[in-house]
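Enquirer: Sharing start-v6.txt below, compact mmCIF, C-alpha atoms:
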# COMPACT_ATOMS: atom_id res chain seq x y z
CA VAL A 1 0.00 0.00 0.00
CA GLY A 2 1.98 2.94 -1.29
CA SER A 3 -0.04 6.00 -0.23
CA VAL A 4 -3.03 6.87 1.95
CA ASP A 5 -4.65 8.73 -0.94
CA TYR A 6 -2.93 8.92 -4.34
CA PHE A 7 -5.10 11.84 -5.43
CA LYS A 8 -4.59 14.01 -2.34
CA GLU A 9 -3.33 17.41 -3.45
CA GLY A 10 0.32 18.16 -2.68
CA TRP A 11 1.62 14.81 -1.51
CA GLY A 12 -0.82 12.05 -2.43
CA ALA A 13 0.98 10.71 -5.50
CA TYR A 14 3.88 9.40 -3.47
CA ASP A 15 4.96 5.79 -3.21
CA VAL A 16 6.18 5.18 0.33
CA VAL A 17 6.98 1.55 -0.54
CA THR A 18 9.98 2.76 -2.56
CA ALA A 19 10.70 5.98 -0.63
CA LEU A 20 13.74 6.38 1.61
CA ARG A 21 12.81 6.37 5.31
CA GLN A 22 14.75 5.85 8.52
CA PRO A 23 14.10 2.34 9.89
CA GLY A 24 14.70 2.97 13.60
CA SER A 25 15.40 -0.16 15.65
CA SER A 26 13.92 -2.44 12.99
CA ILE A 27 17.40 -2.43 11.43
CA LYS A 28 19.09 -3.96 14.49
CA PRO A 29 18.93 -7.56 13.20
CA VAL A 30 21.64 -6.64 10.67
CA THR A 31 24.03 -5.69 13.47
CA TYR A 32 23.18 -8.78 15.49
CA ALA A 33 23.47 -11.02 12.42
CA LEU A 34 27.06 -9.87 12.10
CA ALA A 35 27.68 -10.35 15.79
CA LEU A 36 26.24 -13.89 15.78
CA SER A 37 28.31 -14.68 12.69
CA GLY A 38 31.39 -13.86 14.75
CA SER A 39 32.22 -14.41 18.40
CA TYR A 40 28.84 -13.54 19.95
CA THR A 41 26.14 -15.97 21.06
CA PRO A 42 22.61 -15.30 22.36
CA ALA A 43 24.06 -15.75 25.86
CA SER A 44 26.86 -13.19 25.39
CA ILE A 45 26.77 -10.50 28.09
CA ILE A 46 26.56 -6.83 27.07
CA ASP A 47 26.74 -4.00 29.59
CA ASP A 48 23.74 -1.70 29.22
CA SER A 49 25.31 1.29 30.95
CA PRO A 50 26.10 4.90 30.01
CA ILE A 51 28.80 5.46 27.39
CA VAL A 52 30.03 8.42 25.34
CA TYR A 53 31.74 8.06 21.96
CA LYS A 54 34.08 10.86 20.99
CA SER A 55 34.99 11.57 17.38
CA LYS A 56 37.36 14.25 16.12
CA GLY A 57 35.46 17.10 14.49
CA ALA A 58 32.06 15.76 15.53
CA PRO A 59 29.90 16.20 18.63
CA ASP A 60 30.02 13.49 21.30
CA TYR A 61 27.61 10.62 20.74
CA LYS A 62 25.79 9.35 23.82
CA PRO A 63 23.17 6.70 22.95
CA VAL A 64 20.14 6.35 25.21
CA ASN A 65 17.51 3.66 25.57
CA TYR A 66 13.92 4.20 24.51
CA ASP A 67 12.70 3.95 28.11
CA GLY A 68 15.44 6.28 29.36
CA LYS A 69 16.76 3.61 31.73
CA TYR A 70 19.86 1.42 32.02
CA HIS A 71 19.46 -2.31 32.53
CA GLY A 72 22.93 -3.41 33.60
CA LYS A 73 24.44 -6.60 32.25
CA VAL A 74 22.06 -8.21 29.78
CA THR A 75 22.38 -11.10 27.38
CA LEU A 76 22.38 -10.52 23.64
CA ARG A 77 18.98 -12.26 23.56
CA GLN A 78 17.57 -9.76 26.07
CA ALA A 79 19.18 -6.79 24.32
CA LEU A 80 17.72 -7.63 20.91
CA ALA A 81 14.33 -8.88 22.12
CA ASN A 82 13.76 -5.72 24.20
CA SER A 83 15.41 -3.46 21.61
CA TYR A 84 17.81 -1.82 24.03
CA ASN A 85 19.75 0.87 22.16
CA ILE A 86 22.97 1.10 24.15
CA PRO A 87 23.89 -2.59 23.77
CA ALA A 88 23.14 -2.37 20.03
CA VAL A 89 25.53 0.57 19.66
CA LYS A 90 28.22 -1.24 21.64
CA VAL A 91 27.83 -4.28 19.41
CA ALA A 92 27.93 -2.04 16.32
CA LYS A 93 31.22 -0.58 17.55
CA SER A 94 32.53 -4.13 17.97
CA VAL A 95 31.55 -5.42 14.51
CA GLY A 96 32.24 -2.17 12.59
CA VAL A 97 29.79 0.21 10.96
CA ASP A 98 31.11 -0.34 7.42
CA ASN A 99 30.60 -4.07 7.89
CA ILE A 100 27.00 -3.38 8.92
CA VAL A 101 26.46 -1.44 5.68
CA LEU A 102 28.00 -4.19 3.57
CA LYS A 103 25.93 -6.89 5.29
CA GLY A 104 22.75 -4.81 4.99
CA LYS A 105 23.34 -4.44 1.26
CA GLU A 106 23.95 -8.18 0.91
CA MET A 107 20.68 -8.87 2.75
CA GLY A 108 18.64 -6.63 0.46
CA LEU A 109 19.11 -2.92 1.18
CA THR A 110 19.86 -1.87 -2.39
CA ASN A 111 20.58 1.79 -1.63
CA TRP A 112 23.18 1.13 1.07
CA GLU A 113 26.77 2.01 0.15
CA VAL A 114 29.96 2.44 2.16
CA ASP A 115 30.18 6.21 1.76
CA GLY A 116 30.95 7.61 5.22
CA SER A 117 27.51 9.20 5.55
CA TYR A 118 26.78 7.43 8.83
CA GLY A 119 28.21 6.58 12.22
CA LEU A 120 27.38 4.26 15.08
CA SER A 121 23.77 5.43 14.94
CA ILE A 122 23.36 3.26 11.84
CA THR A 123 22.37 0.42 14.17
CA LEU A 124 19.50 2.58 15.49
CA GLY A 125 18.22 3.51 12.03
CA GLY A 126 20.52 6.37 11.05
CA LYS A 127 20.73 5.26 7.40
CA GLU A 128 17.57 5.28 5.31
CA VAL A 129 15.95 2.24 3.68
CA ARG A 130 13.07 1.50 1.33
CA LEU A 131 10.10 -0.42 2.74
CA LEU A 132 10.26 -2.86 -0.19
CA ASP A 133 13.96 -3.56 0.41
CA HIS A 134 13.59 -3.68 4.17
CA THR A 135 10.82 -6.25 3.92
CA ASN A 136 12.97 -8.27 1.56
CA LEU A 137 15.81 -8.09 4.11
CA TYR A 138 13.51 -9.89 6.53
CA GLY A 139 12.73 -12.23 3.64
CA THR A 140 16.43 -13.09 3.61
CA LEU A 141 16.10 -14.06 7.27
CA ALA A 142 12.97 -16.11 6.50
CA ARG A 143 14.83 -17.94 3.70
CA LYS A 144 17.53 -18.97 6.19
CA GLY A 145 20.06 -16.47 4.90
CA ILE A 146 19.36 -16.70 1.17
CA TYR A 147 18.97 -13.37 -0.63
CA LYS A 148 16.76 -13.01 -3.71
CA GLU A 149 15.65 -9.86 -5.50
CA PRO A 150 11.95 -9.03 -5.00
CA GLU A 151 9.78 -10.36 -7.82
CA VAL A 152 6.15 -9.60 -8.56
CA TYR A 153 5.48 -12.58 -10.84
CA LEU A 154 6.80 -16.05 -10.03
CA SER A 155 5.18 -17.82 -12.99
CA ILE A 156 3.18 -16.99 -16.12
CA LYS A 157 1.60 -19.78 -18.21
CA ASP A 158 -0.05 -19.67 -21.59
CA SER A 159 -3.50 -21.09 -22.39
CA ARG A 160 -2.02 -24.59 -22.79
CA GLY A 161 -0.27 -24.50 -19.43
CA TYR A 162 3.24 -23.97 -20.72
CA ASP A 163 5.54 -21.65 -18.82
CA ILE A 164 6.25 -18.46 -20.73
CA TYR A 165 7.87 -16.92 -17.67
CA PHE A 166 9.21 -18.52 -14.53
CA ASP A 167 11.18 -17.48 -11.49
CA ASN A 168 14.88 -17.70 -12.33
CA ARG A 169 16.26 -15.33 -9.73
CA VAL A 170 19.82 -15.84 -8.54
CA GLU A 171 20.13 -17.02 -4.93
CA ASN A 172 22.96 -15.82 -2.69
CA GLN A 173 23.64 -17.33 0.73
CA VAL A 174 24.59 -14.21 2.68
CA LEU A 175 24.03 -15.56 6.21
CA SER A 176 24.40 -19.05 7.59
CA SER A 177 21.30 -21.05 8.49
CA GLU A 178 22.68 -21.24 12.04
CA VAL A 179 22.71 -17.45 12.42
CA THR A 180 19.23 -17.01 10.95
CA TYR A 181 17.91 -19.74 13.24
CA LEU A 182 19.27 -17.89 16.28
CA LEU A 183 17.76 -14.58 15.10
CA TRP A 184 14.38 -16.22 14.50
CA HIS A 185 14.55 -17.90 17.91
CA ILE A 186 15.21 -14.55 19.63
CA LEU A 187 12.74 -12.45 17.62
CA SER A 188 9.93 -15.00 18.15
CA ASP A 189 10.56 -15.26 21.90
CA ASN A 190 7.55 -13.55 23.50
CA ASN A 191 8.90 -14.13 27.01
CA ALA A 192 12.25 -12.50 26.25
CA ARG A 193 10.61 -9.20 25.23
CA LEU A 194 8.19 -8.99 28.17
CA PRO A 195 10.21 -6.36 30.12
CA ALA A 196 9.95 -3.82 27.28
CA PHE A 197 6.72 -4.75 25.54
CA GLY A 198 4.54 -6.32 28.22
CA VAL A 199 2.03 -9.15 27.88
CA ASN A 200 -0.82 -7.63 25.89
CA ASN A 201 0.64 -6.32 22.64
CA PHE A 202 0.27 -6.76 18.89
CA LEU A 203 3.51 -8.68 18.34
CA SER A 204 2.15 -12.18 18.84
CA ILE A 205 -0.21 -14.17 16.63
CA PRO A 206 -2.17 -16.82 18.58
CA GLY A 207 -1.37 -20.31 17.40
CA HIS A 208 1.69 -19.24 15.42
CA LYS A 209 5.33 -18.65 16.25
CA VAL A 210 6.28 -15.45 14.43
CA ALA A 211 9.54 -13.50 14.52
CA VAL A 212 8.92 -9.76 14.76
CA LYS A 213 10.81 -6.48 15.30
CA THR A 214 9.58 -2.91 15.75
CA GLY A 215 11.29 0.38 14.98
CA THR A 216 10.70 4.05 15.76
CA THR A 217 12.59 7.21 14.84
CA ASP A 218 13.33 9.81 17.50
CA ASN A 219 11.27 12.52 15.84
CA ILE A 220 8.22 10.24 15.47
CA LYS A 221 8.28 10.55 11.69
CA ASP A 222 8.52 6.82 11.03
CA ASN A 223 7.52 3.68 12.83
CA TRP A 224 7.76 0.11 11.67
CA THR A 225 6.82 -3.47 12.43
CA MET A 226 8.54 -6.23 10.45
CA GLY A 227 7.74 -9.89 10.98
CA TYR A 228 8.05 -13.28 9.34
CA THR A 229 7.51 -17.02 9.41
CA PRO A 230 9.40 -19.46 7.15
CA SER A 231 6.80 -18.83 4.40
CA TYR A 232 5.51 -15.28 4.88
CA VAL A 233 6.96 -11.83 5.51
CA VAL A 234 4.96 -8.70 6.33
CA GLY A 235 6.55 -5.27 6.66
CA VAL A 236 4.58 -2.21 7.80
CA TRP A 237 5.66 1.43 7.85
CA VAL A 238 3.45 4.13 9.36
CA GLY A 239 4.00 7.85 8.99
CA ASN A 240 3.06 10.91 6.98
CA ASN A 241 3.90 11.10 3.28
CA ASP A 242 5.39 14.57 3.71
CA GLY A 243 7.63 13.50 6.62
CA THR A 244 5.89 15.53 9.30
CA PRO A 245 5.87 14.02 12.82
CA MET A 246 2.95 11.91 13.95
CA ARG A 247 0.83 12.36 17.03
CA GLN A 248 2.41 11.31 20.32
CA GLY A 249 -0.18 8.54 20.62
CA LEU A 250 1.46 6.85 17.60
CA ALA A 251 4.95 7.34 18.94
CA SER A 252 6.17 3.78 18.58
CA GLY A 253 6.13 0.86 16.22
CA LEU A 254 4.17 -0.96 18.90
CA THR A 255 1.21 1.43 18.78
CA GLY A 256 1.44 2.70 15.19
CA ALA A 257 2.56 -0.06 12.84
CA ALA A 258 2.04 -3.17 14.99
CA PRO A 259 -1.79 -3.21 14.97
CA ILE A 260 -1.78 -3.08 11.15
CA TRP A 261 0.97 -5.71 10.97
CA ASN A 262 -0.95 -7.96 13.36
CA ARG A 263 -4.17 -7.78 11.34
CA VAL A 264 -2.41 -8.48 8.04
CA MET A 265 -0.24 -11.30 9.39
CA SER A 266 -3.22 -12.84 11.21
CA GLU A 267 -5.16 -12.88 7.94
CA VAL A 268 -2.21 -14.33 6.02
CA LEU A 269 -1.74 -17.13 8.54
CA LYS A 270 -5.44 -17.94 8.96
CA GLY A 271 -5.88 -21.66 8.38
CA GLU A 272 -2.15 -22.20 7.91
CA PRO A 273 -0.23 -24.69 10.08
CA ASP A 274 2.22 -23.29 12.63
CA GLU A 275 5.66 -23.25 11.01
CA VAL A 276 8.91 -23.27 12.93
CA PHE A 277 12.50 -23.15 11.77
CA ASP A 278 14.29 -26.46 11.88
CA MET A 279 17.32 -26.65 14.14
CA PRO A 280 20.41 -26.61 11.88
CA GLU A 281 22.35 -29.86 11.94
Show how you would write the structure in this file as structure tokens.

Expert:
Amino acid sequence: VGSVDYFKEGWGAYDVVTALRQPGSSIKPVTYALALSGSYTPASIIDDSPIVYKSKGAPDYKPVNYDGKYHGKVTLRQALANSYNIPAVKVAKSVGVDNIVLKGKEMGLTNWEVDGSYGLSITLGGKEVRLLDHTNLYGTLARKGIYKEPEVYLSIKDSRGYDIYFDNRVENQVLSSEVTYLLWHILSDNNARLPAFGVNNFLSIPGHKVAVKTGTTDNIKDNWTMGYTPSYVVGVWVGNNDGTPMRQGLASGLTGAAPIWNRVMSEVLKGEPDEVFDMPE
């Protein structure tokens, strides 16, 4: 759904699906994919405590958590599931911001380039993405680390049933199945995210195990909910076409994008069996 009203004067004819928008915390799985591909595990301890990064010729960077609190020593699972910002920045510093850009591009973010236009805040959504690409990035996670370009038509047959077009996209294994299994296991863990998101929220689908991540920008211009099963991916962005901030009541992906995401994903999964990722051998 590209625009609330294509014919609205001034900004209606605007396709948000292909527009560049900041992804907020919904981009964090890229950072953690790199971390889990290296020396980190879901049980790795990260210190969620104040830190200041100094850079020559630039103002000091002091990341803060969405709830304004510090949570002490947390596991990687807790940090990602509850979307704590400070641990994500510390992990980004560890794995390298250029490596995050390169991995994001491999996973589907077609506009991402190593160009120096970002810093550690990239792990909190400081580099823009397209909704189409960002959803396909989560598709890469759903395909156990295999990247494919988005495709509208998978098959076209003539009147006799012969294929006149078929899906011949190139597949690239950009993450291991082990890493994508761990990310799915964390992002589908409703208990792990209880401290930040509570019990009654729109991130769970009864009867189905679904991996999901929210994102919100500081200025409340963009909020996101991205979620997937092995067979389906749904990505939702909510905001104003002209980039103006939203009302405070829609200040997070949990209250803005998540209700829409939940309704769409619930409809998609209606009547479908519960799918889970197989444990890699």

Enquirer: Report the closest atom pair, with its distance in Å rounded to one decimal, for each residue of range 106-154 of chain A that has an atom no farther than 12 Å from range 263-281 of chain A; count only C-alpha atoms, sort by chain and then rising residue number, and write it as JSON lines.

Expert:
{"residue": "A:Leu141", "atom": "CA", "partner": "A:Phe277", "partner_atom": "CA", "distance": 10.8}
{"residue": "A:Ala142", "atom": "CA", "partner": "A:Phe277", "partner_atom": "CA", "distance": 8.8}
{"residue": "A:Arg143", "atom": "CA", "partner": "A:Phe277", "partner_atom": "CA", "distance": 9.9}
{"residue": "A:Lys144", "atom": "CA", "partner": "A:Phe277", "partner_atom": "CA", "distance": 8.6}

Enquirer: Please measure the separation of CA of Ile220 in chain A and CA of Pro245 in chain A, giving the value in Å to one decimal.

Expert: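 Result for CA of Ile220 in chain A versus CA of Pro245 in chain A: 5.2 Å, one decimal.
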
Enquirer: Using all atoms listed in the file, which protein or nucleic acid residues come within 6 Å of range 194-209 of chain A? Drop anything in the same chain fewer than 5 positions from it, and give the result as an MDAnalysis selection string.

Expert: chainID A and resid 82 258:259 262 274

Enquirer: Interatomic distance between CA of Gln78 in chain A and CA of Lys90 in chain A?

Expert: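 Pair CA of Gln78 in chain A / CA of Lys90 in chain A returns 14.3 Å.
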
Enquirer: Smallest atom-to-atom distance to Leu109 in chain A: which of A:Arg247, A:Lys148, A:Lys56, A:Lys73, using only C-alpha atoms?

Expert: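 Closest to Leu109 in chain A of all the choices is A:Lys148.
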
Enquirer: Using only C-alpha atoms for the distances, tell me which of A:Val212, A:Ile156, A:Ala13, A:Ile164 is nearest to Gly227 in chain A.

Expert: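 Looking at the shortest contact to Gly227 in chain A, the residue is A:Val212.
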
Enquirer: Please compute the CA of Glu106 in chain A-CA of His134 in chain A distance, one decimal, in Å.

Expert: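 Result for CA of Glu106 in chain A versus CA of His134 in chain A: 11.8 Å, one decimal.
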
Enquirer: Write out as a PyMOL selection string each polymer residue whose atoms come within 9 Å of Ala211 in chain A, counting all atoms listed in the file; drop sequence neighbours fewer than 6 positions from it.

Expert: chain A and resi 183-189+203-204+226-229

Enquirer: Take the residues from that selection and write them out as a compact mmCIF listing (two decimals), in the coordinates of the input, keeping C-alpha atoms.

Expert:
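Contents of selection.txt, freshly written:
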# COMPACT_ATOMS: atom_id res chain seq x y z
CA LEU A 183 17.76 -14.58 15.10
CA TRP A 184 14.38 -16.22 14.50
CA HIS A 185 14.55 -17.90 17.91
CA ILE A 186 15.21 -14.55 19.63
CA LEU A 187 12.74 -12.45 17.62
CA SER A 188 9.93 -15.00 18.15
CA ASP A 189 10.56 -15.26 21.90
CA LEU A 203 3.51 -8.68 18.34
CA SER A 204 2.15 -12.18 18.84
CA MET A 226 8.54 -6.23 10.45
CA GLY A 227 7.74 -9.89 10.98
CA TYR A 228 8.05 -13.28 9.34
CA THR A 229 7.51 -17.02 9.41
